[in-house]
Structures are given as structure tokens and as C-alpha cells.
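> Below is my_file_21.txt; it holds compact mmCIF, C-alpha atoms.
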# COMPACT_ATOMS: atom_id res chain seq x y z
CA MET A 260 125.92 129.65 96.47
CA LYS A 261 129.61 128.99 95.78
CA ALA A 262 129.76 126.63 98.78
CA VAL A 263 126.72 124.71 97.53
CA ALA A 264 128.10 124.49 93.99
CA SER A 265 131.46 123.28 95.26
CA LEU A 266 129.77 120.65 97.41
CA LEU A 267 127.69 119.35 94.52
CA LEU A 268 130.72 119.20 92.25
CA LEU A 269 132.77 117.40 94.91
CA SER A 270 130.01 114.87 95.49
CA LEU A 271 129.68 114.22 91.75
CA VAL A 272 133.43 113.73 91.36
CA HIS A 273 133.59 111.28 94.25
CA PHE A 274 130.62 109.35 92.87
CA ILE A 275 132.03 109.09 89.35
CA VAL A 276 135.45 108.03 90.62
CA PHE A 277 134.28 104.57 91.57
CA LEU A 278 132.03 103.95 88.56
CA LYS A 279 133.09 102.27 85.38
CA PRO A 280 131.43 101.21 82.12
CA VAL A 281 130.08 97.69 82.51
CA LYS A 282 128.76 94.95 80.31
CA ALA A 283 124.98 94.73 80.06
CA GLU A 284 124.86 91.39 81.84
CA GLU A 285 126.95 92.78 84.70
CA ALA A 286 124.83 95.88 85.12
CA ALA A 287 121.74 93.67 85.35
CA VAL A 288 122.74 92.08 88.68
CA LYS A 289 119.58 92.14 90.83
CA ALA A 290 119.94 89.99 93.91
CA LEU A 291 118.89 90.30 97.55
CA PHE A 292 120.06 88.02 100.35
CA VAL A 293 118.00 88.33 103.54
CA PHE A 294 118.99 87.58 107.14
CA GLY A 295 116.93 88.21 110.24
CA ASP A 296 113.98 87.32 112.41
CA SER A 297 110.19 87.13 112.07
CA PHE A 298 109.95 90.57 110.47
CA LEU A 299 111.68 89.06 107.41
CA ASP A 300 111.05 85.29 107.65
CA ASN A 301 109.21 84.04 104.57
CA GLY A 302 108.84 80.41 105.60
CA ASN A 303 112.17 78.93 106.73
CA ASN A 304 110.73 77.72 110.03
CA ASN A 305 108.07 75.76 108.14
CA TYR A 306 110.76 73.19 107.33
CA ILE A 307 111.82 72.73 110.97
CA ASN A 308 109.56 70.05 112.45
CA ASP A 309 110.10 71.00 116.08
CA SER A 310 109.92 74.77 115.63
CA ASP A 311 107.12 76.49 117.53
CA ALA A 312 107.69 79.81 115.70
CA LYS A 313 105.59 79.35 112.58
CA SER A 314 102.88 81.21 110.72
CA ASP A 315 102.05 78.80 107.90
CA PHE A 316 98.32 78.88 108.60
CA PRO A 317 95.40 81.27 108.09
CA PRO A 318 94.71 84.05 108.79
CA TYR A 319 98.36 84.82 107.97
CA GLY A 320 98.76 85.50 104.27
CA VAL A 321 95.12 86.46 103.77
CA ASP A 322 96.22 89.17 101.32
CA PHE A 323 99.28 87.38 99.94
CA PRO A 324 98.96 85.80 96.47
CA LEU A 325 100.36 82.48 97.70
CA GLY A 326 98.33 82.39 100.92
CA PRO A 327 99.93 81.44 104.28
CA THR A 328 103.64 80.91 103.58
CA GLY A 329 105.33 81.59 106.91
CA ARG A 330 105.26 85.38 106.70
CA PHE A 331 104.07 86.90 109.97
CA THR A 332 101.62 89.35 108.44
CA ASN A 333 98.61 89.53 106.15
CA GLY A 334 100.63 90.08 102.98
CA ARG A 335 104.18 91.04 102.02
CA ASN A 336 106.92 91.64 104.54
CA PRO A 337 109.73 94.26 104.32
CA ALA A 338 112.02 91.98 102.31
CA ASP A 339 109.27 91.34 99.74
CA VAL A 340 108.64 95.06 99.32
CA LEU A 341 112.32 95.91 98.99
CA ALA A 342 112.81 93.11 96.45
CA GLU A 343 109.97 94.54 94.35
CA HIS A 344 111.56 98.00 94.40
CA LEU A 345 114.86 96.45 93.31
CA GLY A 346 113.16 94.87 90.30
CA ILE A 347 113.63 91.28 91.46
CA PRO A 348 111.20 89.30 89.28
CA ASP A 349 109.73 86.89 91.83
CA TYR A 350 109.43 86.27 95.56
CA LEU A 351 112.74 85.22 97.08
CA PRO A 352 113.06 81.47 97.64
CA VAL A 353 113.18 80.07 101.17
CA PHE A 354 116.62 78.68 101.99
CA ASN A 355 115.22 75.63 103.81
CA ASN A 356 113.18 74.61 100.77
CA PRO A 357 115.12 71.72 99.13
CA GLN A 358 114.30 73.21 95.71
CA THR A 359 116.23 76.41 96.47
CA LYS A 360 119.24 75.72 94.27
CA GLY A 361 120.51 76.19 90.73
CA ASP A 362 119.25 79.20 88.83
CA ARG A 363 116.56 79.78 91.48
CA ILE A 364 119.15 81.46 93.71
CA LEU A 365 120.45 83.98 91.16
CA HIS A 366 118.13 86.74 92.40
CA GLY A 367 118.76 86.01 96.06
CA VAL A 368 117.63 83.81 98.94
CA ASN A 369 115.85 84.43 102.25
CA TYR A 370 117.51 82.88 105.35
CA ALA A 371 115.52 84.72 108.04
CA SER A 372 113.99 82.72 110.87
CA ALA A 373 111.26 83.80 113.28
CA GLY A 374 112.61 83.93 116.83
CA ALA A 375 116.21 84.29 115.68
CA GLY A 376 118.71 86.43 117.51
CA ILE A 377 122.26 87.61 117.08
CA PHE A 378 123.31 85.23 119.86
CA ASP A 379 123.10 81.50 119.15
CA THR A 380 121.40 80.89 122.51
CA THR A 381 118.43 83.21 121.90
CA TRP A 382 115.20 81.17 121.84
CA VAL A 383 117.25 78.06 121.07
CA THR A 384 114.52 75.90 122.67
CA SER A 385 112.11 77.12 119.98
CA HIS A 386 114.21 75.39 117.31
CA ILE A 387 114.96 78.41 115.17
CA ILE A 388 117.97 79.48 113.06
CA PRO A 389 120.22 82.07 114.75
CA LEU A 390 122.06 84.66 112.68
CA SER A 391 125.38 82.80 112.69
CA HIS A 392 123.71 79.70 111.25
CA GLN A 393 121.91 81.78 108.64
CA VAL A 394 125.26 83.17 107.53
CA GLU A 395 126.77 79.67 107.52
CA ASN A 396 123.90 78.50 105.32
CA PHE A 397 124.83 81.17 102.82
CA LEU A 398 128.57 80.46 102.95
CA ASN A 399 128.45 76.67 103.01
CA VAL A 400 125.50 75.99 100.73
CA THR A 401 124.40 78.96 98.63
CA LEU A 402 127.83 80.35 97.77
CA PRO A 403 129.11 77.07 96.30
CA GLU A 404 125.86 76.87 94.30
CA LEU A 405 126.47 80.39 92.99
CA GLU A 406 130.03 79.45 92.05
CA ALA A 407 128.66 76.51 90.09
CA GLU A 408 126.18 78.74 88.25
CA LEU A 409 128.49 81.69 87.53
CA ASN A 410 131.94 81.78 85.95
CA ASP A 411 133.07 84.48 88.38
CA THR A 412 131.14 85.41 91.51
CA SER A 413 133.22 88.50 92.43
CA TYR A 414 131.14 91.00 90.44
CA PHE A 415 127.88 89.32 91.45
CA MET A 416 128.76 89.29 95.15
CA SER A 417 129.93 92.91 95.19
CA HIS A 418 126.71 94.13 93.56
CA ALA A 419 124.15 91.91 95.29
CA ILE A 420 122.50 93.47 98.36
CA PHE A 421 122.72 91.83 101.78
CA MET A 422 119.82 92.87 104.02
CA SER A 423 119.30 92.20 107.72
CA LEU A 424 116.95 93.08 110.56
CA ILE A 425 117.72 91.39 113.87
CA GLY A 426 118.45 92.05 117.54
CA GLY A 427 115.10 92.55 119.27
CA ASN A 428 114.68 88.89 120.24
CA ASP A 429 117.97 88.91 122.13
CA TYR A 430 116.64 91.54 124.54
CA ASN A 431 113.30 89.78 124.89
CA TYR A 432 114.93 86.44 125.67
CA LEU A 433 117.77 87.62 127.91
CA CYS A 434 116.09 90.50 129.74
CA PHE A 435 112.35 90.84 129.36
CA GLU A 436 111.09 87.25 129.41
CA THR A 437 112.75 86.51 132.75
CA SER A 438 112.25 87.86 136.24
CA ASP A 439 115.92 88.87 136.37
CA ASP A 440 116.06 92.66 136.72
CA THR A 441 119.86 92.79 136.72
CA CYS A 442 120.25 92.80 132.94
CA ASP A 443 123.19 95.04 132.00
CA PHE A 444 121.88 96.67 128.83
CA GLU A 445 125.12 98.43 127.95
CA GLU A 446 127.20 95.27 128.22
CA LEU A 447 124.58 93.26 126.35
CA THR A 448 124.35 95.83 123.57
CA THR A 449 128.12 96.03 123.17
CA ASN A 450 128.31 92.24 122.87
CA LEU A 451 125.43 92.12 120.42
CA ILE A 452 127.01 94.69 118.09
CA GLY A 453 130.35 92.86 118.34
CA ASN A 454 128.74 89.55 117.37
CA TYR A 455 126.74 91.25 114.61
CA SER A 456 129.97 92.67 113.18
CA ILE A 457 131.57 89.22 113.13
CA GLN A 458 128.76 87.84 110.97
CA LEU A 459 128.86 90.82 108.61
CA GLN A 460 132.61 90.37 108.22
CA LYS A 461 132.10 86.74 107.22
CA LEU A 462 129.84 87.88 104.39
CA TYR A 463 132.32 90.60 103.47
CA LYS A 464 135.19 88.11 103.24
CA ALA A 465 133.03 86.06 100.87
CA GLY A 466 132.73 89.11 98.58
CA ALA A 467 129.68 91.01 99.85
CA ARG A 468 130.03 94.80 99.59
CA LYS A 469 126.51 96.25 99.75
CA PHE A 470 124.76 95.99 103.11
CA VAL A 471 121.35 97.26 104.22
CA LEU A 472 120.89 97.18 107.99
CA TYR A 473 117.39 97.82 109.30
CA ASN A 474 117.52 98.81 112.95
CA ILE A 475 114.97 97.35 115.38
CA GLN A 476 111.41 98.51 115.94
CA PRO A 477 109.82 100.21 118.99
CA SER A 478 108.72 96.91 120.52
CA GLY A 479 107.61 98.67 123.69
CA CYS A 480 104.62 100.01 121.77
CA ASN A 481 103.31 96.81 120.20
CA PRO A 482 100.04 95.33 121.54
CA THR A 483 101.86 92.66 123.55
CA SER A 484 103.77 95.32 125.48
CA ARG A 485 100.77 97.60 125.89
CA ILE A 486 98.76 94.78 127.50
CA GLN A 487 101.40 94.64 130.23
CA ASN A 488 101.21 98.37 130.89
CA ASP A 489 97.53 99.35 130.92
CA GLY A 490 97.55 100.25 127.22
CA ASP A 491 100.65 102.45 127.30
CA CYS A 492 104.03 101.83 125.69
CA VAL A 493 106.66 100.18 127.90
CA LYS A 494 109.49 102.70 128.14
CA GLU A 495 112.09 100.17 129.32
CA TYR A 496 111.59 98.07 126.19
CA ASN A 497 111.86 101.05 123.88
CA ASP A 498 114.91 102.38 125.71
CA ALA A 499 116.70 99.09 125.06
CA MET A 500 115.82 99.20 121.37
CA VAL A 501 117.06 102.81 121.14
CA MET A 502 120.34 101.84 122.80
CA PHE A 503 120.91 99.04 120.29
CA ASN A 504 120.01 101.31 117.38
CA ASN A 505 122.33 104.08 118.58
CA TYR A 506 125.23 101.65 118.99
CA LEU A 507 124.56 100.17 115.54
CA ASN A 508 124.38 103.60 113.92
CA ALA A 509 127.60 104.67 115.62
CA SER A 510 129.32 101.56 114.27
CA LEU A 511 128.81 102.37 110.58
CA ASP A 512 132.16 104.13 110.22
CA ASP A 513 133.90 101.27 112.01
CA PHE A 514 132.23 98.71 109.75
CA MET A 515 133.35 100.53 106.59
CA GLU A 516 136.89 100.91 107.89
CA GLU A 517 137.10 97.27 108.96
CA MET A 518 135.58 96.17 105.65
CA PRO A 519 137.24 98.34 102.96
CA GLY A 520 135.16 98.81 99.84
CA SER A 521 131.88 98.08 101.62
CA VAL A 522 128.92 100.46 101.70
CA PHE A 523 126.40 100.29 104.55
CA VAL A 524 122.89 101.73 104.44
CA TYR A 525 121.23 102.24 107.81
CA VAL A 526 117.43 102.05 107.77
CA ASN A 527 115.75 103.62 110.79
CA THR A 528 112.91 101.15 111.33
CA TYR A 529 112.34 102.60 114.79
CA ASN A 530 111.73 106.15 113.55
CA ILE A 531 109.68 105.13 110.53
CA ILE A 532 107.28 102.96 112.54
CA SER A 533 107.20 105.58 115.30
CA GLN A 534 105.85 108.06 112.74
CA VAL A 535 102.82 105.81 112.30
CA ILE A 536 102.42 105.36 116.07
CA ASP A 537 102.64 109.09 116.74
CA GLU A 538 100.45 110.31 113.87
CA PRO A 539 98.32 107.33 112.77
CA ALA A 540 95.67 109.45 111.05
CA SER A 541 98.28 110.77 108.62
CA PHE A 542 98.69 107.21 107.35
CA GLY A 543 95.03 106.22 107.40
CA ILE A 544 95.63 104.10 110.51
CA GLU A 545 92.96 104.03 113.21
CA VAL A 546 94.07 101.17 115.50
CA ILE A 547 97.59 101.17 116.96
CA ASN A 548 97.09 99.30 120.25
CA ALA A 549 95.41 96.05 119.19
CA SER A 550 95.95 93.28 116.67
CA CYS A 551 93.92 92.86 113.51
CA CYS A 552 93.64 89.09 113.96
CA TYR A 553 92.28 87.34 117.02
CA VAL A 554 94.96 86.35 119.53
CA GLU A 555 93.97 84.06 122.37
CA GLY A 556 94.58 85.13 125.96
CA THR A 557 96.55 88.04 127.34
CA GLU A 558 99.94 86.39 126.79
CA GLY A 559 99.37 85.27 123.22
CA ILE A 560 101.37 86.82 120.39
CA THR A 561 100.43 85.15 117.11
CA CYS A 562 97.06 84.81 115.41
CA GLU A 563 94.82 81.94 116.41
CA GLU A 564 95.12 79.22 113.78
CA TYR A 565 92.34 79.47 111.18
CA GLY A 566 90.85 82.43 113.01
CA SER A 567 89.31 85.35 111.20
CA PRO A 568 91.23 88.58 110.57
CA CYS A 569 89.68 92.01 110.83
CA SER A 570 87.76 93.01 107.73
CA ASN A 571 89.69 96.23 107.10
CA ARG A 572 93.39 95.49 107.47
CA SER A 573 94.34 98.91 106.11
CA ILE A 574 93.36 100.73 109.32
CA TYR A 575 95.50 98.56 111.62
CA LEU A 576 99.16 99.10 112.48
CA TYR A 577 99.64 95.55 113.80
CA TYR A 578 98.40 92.31 112.27
CA ASP A 579 99.13 90.15 115.33
CA ARG A 580 100.43 91.46 118.64
CA VAL A 581 104.01 91.95 117.45
CA HIS A 582 104.14 92.19 113.67
CA PRO A 583 102.83 95.10 111.56
CA THR A 584 100.43 94.81 108.68
CA GLU A 585 101.53 94.75 105.05
CA LYS A 586 100.51 98.41 104.77
CA VAL A 587 103.06 99.44 107.41
CA TYR A 588 105.74 97.12 106.03
CA ASN A 589 105.19 98.63 102.59
CA TYR A 590 105.71 102.11 104.00
CA LEU A 591 108.85 101.00 105.87
CA SER A 592 110.67 99.49 102.90
CA THR A 593 109.47 102.14 100.47
CA ARG A 594 111.04 104.78 102.71
CA ALA A 595 114.20 102.66 102.89
CA TYR A 596 114.34 102.59 99.10
CA LEU A 597 113.39 106.18 98.26
CA SER A 598 113.73 108.48 101.27
CA ASN A 599 116.28 111.29 101.28
CA LEU A 600 115.69 112.05 104.97
CA SER A 601 118.68 111.11 107.14
CA SER A 602 116.24 110.48 110.00
CA GLU A 603 114.85 107.57 107.95
CA VAL A 604 117.80 106.20 105.97
CA HIS A 605 121.43 107.22 105.60
CA PRO A 606 124.04 107.91 104.31
CA ILE A 607 122.25 107.01 101.07
CA ASN A 608 118.98 105.28 100.30
CA VAL A 609 118.72 101.75 98.92
CA LYS A 610 117.91 102.97 95.42
CA THR A 611 121.20 104.84 95.31
CA LEU A 612 123.02 101.84 96.76
CA ALA A 613 121.56 99.56 94.11
CA ASN A 614 122.77 101.86 91.33
CA ILE A 615 126.38 102.01 92.57
CA THR A 616 128.72 100.12 90.28
CA PHE A 617 132.15 99.44 91.74
CA ASN A 618 135.32 99.54 89.72
CA SER A 619 136.93 96.15 90.31
CA THR A 620 140.15 97.88 91.43
CA LEU A 621 138.22 99.69 94.17
CA TYR A 622 136.48 96.71 95.83
CA ASN A 623 138.80 97.19 98.80
CA VAL A 624 138.97 100.99 99.03
CA PRO A 625 137.60 102.10 102.41
CA TYR A 626 134.63 104.46 102.44
CA LYS A 627 133.37 106.46 105.41
CA LEU A 628 130.92 109.19 106.36
CA TRP A 629 132.37 112.69 106.25
CA PRO A 630 130.73 115.81 107.72
CA VAL A 631 130.03 118.38 105.03
CA GLU A 632 128.74 121.93 105.09
CA VAL A 633 125.38 122.33 103.43
CA LEU A 634 123.66 125.71 103.37
CA ASN A 635 119.91 126.20 103.67
CA ASN A 636 117.88 128.67 101.61
CA GLU A 637 118.91 131.50 103.92
CA GLY A 638 122.60 130.71 103.54
CA PHE A 639 123.07 129.23 107.01
CA PRO A 640 124.85 125.87 107.56
CA ILE A 641 122.70 122.80 108.20
CA SER A 642 124.34 120.69 110.90
CA GLY A 643 124.56 116.91 110.91
CA GLN A 644 124.91 116.51 107.13
CA GLU A 645 127.18 113.71 105.95
CA GLU A 646 128.51 112.38 102.69
CA LEU A 647 129.81 108.94 101.71
CA ARG A 648 133.23 109.04 100.05
CA PRO A 649 136.70 107.44 100.23
CA ALA A 650 138.24 107.48 103.69
CA SER A 651 141.45 109.15 102.54
Please go through the file and, once you have read it, give me the structure as C-alpha cells.


Amino acid sequence: MKAVASLLLLSLVHFIVFLKPVKAEEAAVKALFVFGDSFLDNGNNNYINDSDAKSDFPPYGVDFPLGPTGRFTNGRNPADVLAEHLGIPDYLPVFNNPQTKGDRILHGVNYASAGAGIFDTTWVTSHIIPLSHQVENFLNVTLPELEAELNDTSYFMSHAIFMSLIGGNDYNYLCFETSDDTCDFEELTTNLIGNYSIQLQKLYKAGARKFVLYNIQPSGCNPTSRIQNDGDCVKEYNDAMVMFNNYLNASLDDFMEEMPGSVFVYVNTYNIISQVIDEPASFGIEVINASCCYVEGTEGITCEEYGSPCSNRSIYLYYDRVHPTEKVYNYLSTRAYLSNLSSEVHPINVKTLANITFNSTLYNVPYKLWPVEVLNNEGFPISGQEELRPAS
């Protein structure tokens, strides 16, 4: 009991150390900036004439209040759900919309683009917006707009949340969509994480301090993959996703050391969606191997334009052959926001991240994950427990 009490006291002290009383208008910062691929895209590709990665037509958006907007699902996507949990009052504006400026950007902006990768060359022929360009759009366009709207952006930037989910398309484009079986997954993954880090550091240098990184989904189990493997998951695809996720998870300490004062939340998209795949009945899901909407041919991915969706979307895991339904997205981002399970989100959940208020003198103090001893009800140590606190 003494060990538990000491741990709780230590955690409380470390938490209070970097809090300070704030003005009401400062404490009210609620902003989410979103970077990624089709899991998060809310319509940026609609504004790219030559892009062939769009979903601005029915039956997409059948359950969304604004209809088909460019979201690759029947309703809200993970960014929409997380924004609602954060108390953001409206749907995030699309960066490529010319009206996304002025006070419309004060609660955040969505830069995600279907087909995007960490590498600039991924699906470049599809006319999409790679991660580096998404970050440049924030730095070169949105940030100056914020500076024009706010007297001082330092507090705003350090308390806004920067969310991303990206990486799966790079493997699809470079390894799985070609007949080349010589893809070096370890080298590719190392390069992807290195390039990812560069983009995160650009945001950090602009003042970002709160990051939420969703890892990538078990794409080997989506309907597109199952069609290629007689209805079973494709192990090679999932193994690549696991490798990326493991490398990303292992990089958290490095990120926080390289970017002092930053706090990273790691959301285990792979594990959360795998829960639904492994035990669908527990979530009221009945169909995990087929799409809700009609997709033409065996190689098709997206819903047929103006086709009819299934009548009961709530029993399907996937809406088209790659993207989950709103029900699954809602579960994913709700777990990201509320879960206390390290297998789902760590070292803290997004709710805790949102409530952290930095002392301005500690913007650049490095934080890292430290192993701690936690005892179970029988008094035995629980291994693998970690705590976020200053690095020294």
C-alpha cells in the first residue's frame, strides 16, 4: 500500500508541476488540426480537379447531416468523433475550401487527403496531398492566418491538438500494388518513421506541443485483402502494419527528447479495430468480410456512385472495401479519448492530454515515459506500466 500511495503522490506532484492558473480565454482553447489519409479526409480532394480519390457522392454520407462531403464512410470519421469529444462546436473546415480562413480556423482545420502517404511519391499520379504538403499548408497558409487573428499564437499553438493517421498507403503503393517481391520492409519502415519525424518537428518548431498519433489499421483484414486470399486476412499486409506501428511506438521517447516540451499520445488503431474483427458479436457487428455499399468488380475499393448502401449499417464493420463504418470509427476515437488501457492508448488518453495546461516557462522541458512499479490487488508488481514526467 505504501508503494501505491507513494506512486500516486509522485504522479500528482509531477502533474501539478507543469500546471499554472490561466485566464478564462486561455483555458478555453479548443482546436484540432488534422493530417492524414482517407481515414481522416473530410473533403480536401473534392477541390482537386484531377484527383481520382474522392467520395463526394452517394452513398457516402448517407448518415451524415451534410450528406456526401468527401468522408469515406456513411457518417462521421475519426477526426469528427474526436473533435466532438473535445467540445469543438462545429465540423472542422476543409483546408482546400477557399472560405477556410479568418475566425473559421480558430477551432482547427482538416488537411487530410485520401491516398496520401508519408512519402511525397506515394500515389502521386492520383493527384493527392502528401503529408509534407499538408504540413506546408498549415505552416504557409493557416499559421499566418492564425497570427493575424490572435495577438499571440504561442499559447494557442501549445494547447491545440495536432492529430495524424498515415502510413498505410506507402506500403500499398511501394510494396503491395506492384509485382516486386523484393520490398525491404525494415528499410522502408525506418525511412517512413524518419520522414514522419521530420514533419512532426516542423509543426513543433511552429509551436505545436500536443500530438495524437493514430497508428495504422490491420489492412490485411479488410474486404479488399480478403478477396485476394479466399476470404482470409492477408498476413503479409498485417505484418507490415505491425512493423510500422511497433517502430512508431518505439519512437515516442525519441520524439519527446528531440522535441522538448511536447507530449505524444499513441492511439492503437490496429488493436482497437482488431477487437471488432476478433469478437464482432461483442460490438453488435455481424459482417466483417464484406462492404456495406455495393462495390463493382473484384478489384474495386470505393462504393459505386449513387449506389444503394446496406439497410442496416450498424451491423457492418466496413462501409466500402477499405474504410470502416461510422459505428467503428466512433468506437475508435471514443477509446482514444477515454480509454485507460495502455493496449489502446498511452501514455495518457486524449482527454487527459486536452486538460494539460503548460506553464509558459516549461514549453521546452523534455518529457519522457518512465517505467514505474504498480502493484495489483494481491501486492504483486504489474510489468509494463509507464508514467509521463520530466526527463530529468

> How many Å separate atom CA of A:Asn508 from atom CA of A:Phe542?

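Separating atom CA of A:Asn508 from atom CA of A:Phe542 is a distance of 26.8 Å.
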
> What would the list of residues within 12 Å of (111.6, 92.5, 118.2) (file frame) look like as a ChimeraX atom specification, if all atoms listed in the file are what count?

/A:295-299,373-377,424-432,435,473-481,483-484,496-497,499-500,503,528-529,560,580-583

> Counting all atoms listed in the file, which residue out of A:Pro389, A:Pro539, A:Gly466, A:Pro317 sits closest to A:Thr412?

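When distances to A:Thr412 are compared using all atoms listed in the file, the smallest one comes from A:Gly466.
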
> Per residue of stretch 483-533 of chain A within 9 Å of stretch 544-552 of chain A, what are the shortest atom pair and its distance in Å to one decimal, counting only C-alpha atoms, with rows by chain and residue number, as a tab-separated table?


residue	atom	partner	partner_atom	distance
A:Thr483	CA	A:Ala549	CA	8.5
A:Arg485	CA	A:Asn548	CA	6.9
A:Ile486	CA	A:Asn548	CA	8.7
A:Gly490	CA	A:Asn548	CA	7.0
A:Asp491	CA	A:Asn548	CA	8.5

> I'd like to know which of A:Phe444, A:Tyr506, A:Phe397, A:Trp382 is closest to A:Leu462, using all atoms listed in the file.

A:Phe397

> Need to verify the contact set: A:Thr332, 12 Å, only C-alpha atoms, exclusion of same-chain residues closer than 6 positions in sequence. Can you return it as number ranges by chain?

A: 297-302, 313-323, 326, 339, 550-552, 561-562, 568, 572, 575-589

> Between atom CA of A:Leu409 and atom CA of A:Val522, what distance in Å does the model show, to one decimal?

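Atom CA of A:Val522 lies at a distance of 23.5 Å from atom CA of A:Leu409.
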
> Applying 12 Å and all atoms listed in the file, which residues near A:Val288 remain after dropping the ones on its own chain fewer than 3 positions away? List them as an MDAnalysis selection string.

chainID A and resid 281:285 291 345:348 365:367 409 412:420 613:616

> Just checking: using only C-alpha atoms, which residue out of A:Ser592, A:Ser372, A:Asn504, A:Thr611 ends up closest to A:Leu451?

A:Asn504

> Quick one: 5 Å padding each side, axis-aligned, all listed atoms of stretch 285-304 of chain A - centre and edge lengths in Å to one decimal, as JSON?


{"center_x": 117.9, "center_y": 86.8, "center_z": 98.6, "size_x": 28.1, "size_y": 28.2, "size_z": 37.7}

> So how many Å separate atom CA of A:Ile388 and atom CA of A:Glu445, to one decimal?

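About the pair atom CA of A:Ile388 and atom CA of A:Glu445: they are 25.1 Å apart.
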
> Closest to A:Glu404 among A:Thr359, A:Ser541, A:Gln487, A:Ser385, using only C-alpha atoms?

A:Thr359

> Of the candidates A:Phe331, A:His392, A:Leu398, A:Val293, which shows the shortest atom-to-atom distance to A:Tyr370, using only C-alpha atoms?

A:Val293

> Might you pull out every residue within 8 Å of A:Phe514, with all atoms listed in the file counted and same-chain residues fewer than 3 positions away left off, and present them as a PyMOL selection string?

chain A and resi 456+510-511+517-518+523

> Which polymer residues, protein or nucleic acid, are no farther than 7 Å from (107.7, 75.2, 119.7), counting all atoms listed in the file, as an MDAnalysis selection string?

chainID A and resid 309:312 385:386

> Which of these residues is nearest to A:Ile364, using only C-alpha atoms: A:Lys610, A:Arg594, A:Lys289, A:Lys469?

A:Lys289

> Can you complete the atoms of stretch 453-460 of chain A to all heavy atoms and list them as a short mmCIF file (atom, residue, chain, number, x, y, z; two decimals), in the coordinates of the input?


data_model
loop_
_atom_site.label_atom_id
_atom_site.label_comp_id
_atom_site.auth_asym_id
_atom_site.auth_seq_id
_atom_site.Cartn_x
_atom_site.Cartn_y
_atom_site.Cartn_z
N GLY A 453 129.11 93.57 118.66
CA GLY A 453 130.35 92.86 118.34
C GLY A 453 130.08 91.57 117.59
O GLY A 453 130.77 91.25 116.61
N ASN A 454 129.09 90.80 118.04
CA ASN A 454 128.74 89.55 117.37
C ASN A 454 128.13 89.80 116.00
O ASN A 454 128.37 89.05 115.05
CB ASN A 454 127.77 88.74 118.24
CG ASN A 454 128.48 87.94 119.31
OD1 ASN A 454 128.80 86.77 119.13
ND2 ASN A 454 128.75 88.57 120.44
N TYR A 455 127.33 90.86 115.90
CA TYR A 455 126.74 91.25 114.61
C TYR A 455 127.85 91.54 113.61
O TYR A 455 127.83 91.07 112.46
CB TYR A 455 125.88 92.49 114.84
CG TYR A 455 124.80 92.76 113.82
CD1 TYR A 455 123.91 93.83 114.03
CD2 TYR A 455 124.63 92.01 112.67
CE1 TYR A 455 122.90 94.12 113.13
CE2 TYR A 455 123.63 92.29 111.77
CZ TYR A 455 122.76 93.35 111.99
OH TYR A 455 121.77 93.64 111.10
N SER A 456 128.84 92.31 114.04
CA SER A 456 129.97 92.67 113.18
C SER A 456 130.71 91.44 112.68
O SER A 456 131.11 91.37 111.50
CB SER A 456 130.93 93.59 113.94
OG SER A 456 132.07 93.89 113.17
N ILE A 457 130.87 90.44 113.53
CA ILE A 457 131.57 89.22 113.13
C ILE A 457 130.85 88.54 111.97
O ILE A 457 131.48 88.09 111.00
CB ILE A 457 131.68 88.26 114.33
CG1 ILE A 457 132.69 88.81 115.35
CG2 ILE A 457 132.09 86.86 113.89
CD1 ILE A 457 132.70 88.06 116.67
N GLN A 458 129.52 88.48 112.03
CA GLN A 458 128.76 87.84 110.97
C GLN A 458 128.82 88.65 109.67
O GLN A 458 128.93 88.09 108.57
CB GLN A 458 127.31 87.62 111.41
CG GLN A 458 127.15 86.77 112.66
CD GLN A 458 127.94 85.48 112.60
OE1 GLN A 458 127.98 84.80 111.56
NE2 GLN A 458 128.57 85.12 113.71
N LEU A 459 128.76 89.98 109.79
CA LEU A 459 128.86 90.82 108.61
C LEU A 459 130.23 90.67 107.95
O LEU A 459 130.34 90.64 106.72
CB LEU A 459 128.62 92.28 108.99
CG LEU A 459 127.21 92.62 109.51
CD1 LEU A 459 127.17 94.05 110.04
CD2 LEU A 459 126.16 92.43 108.42
N GLN A 460 131.26 90.54 108.77
CA GLN A 460 132.61 90.37 108.22
C GLN A 460 132.76 89.04 107.49
O GLN A 460 133.50 88.96 106.50
CB GLN A 460 133.65 90.51 109.33
CG GLN A 460 133.78 91.93 109.86
CD GLN A 460 134.88 92.08 110.88
OE1 GLN A 460 136.01 91.67 110.64
NE2 GLN A 460 134.57 92.66 112.03
#
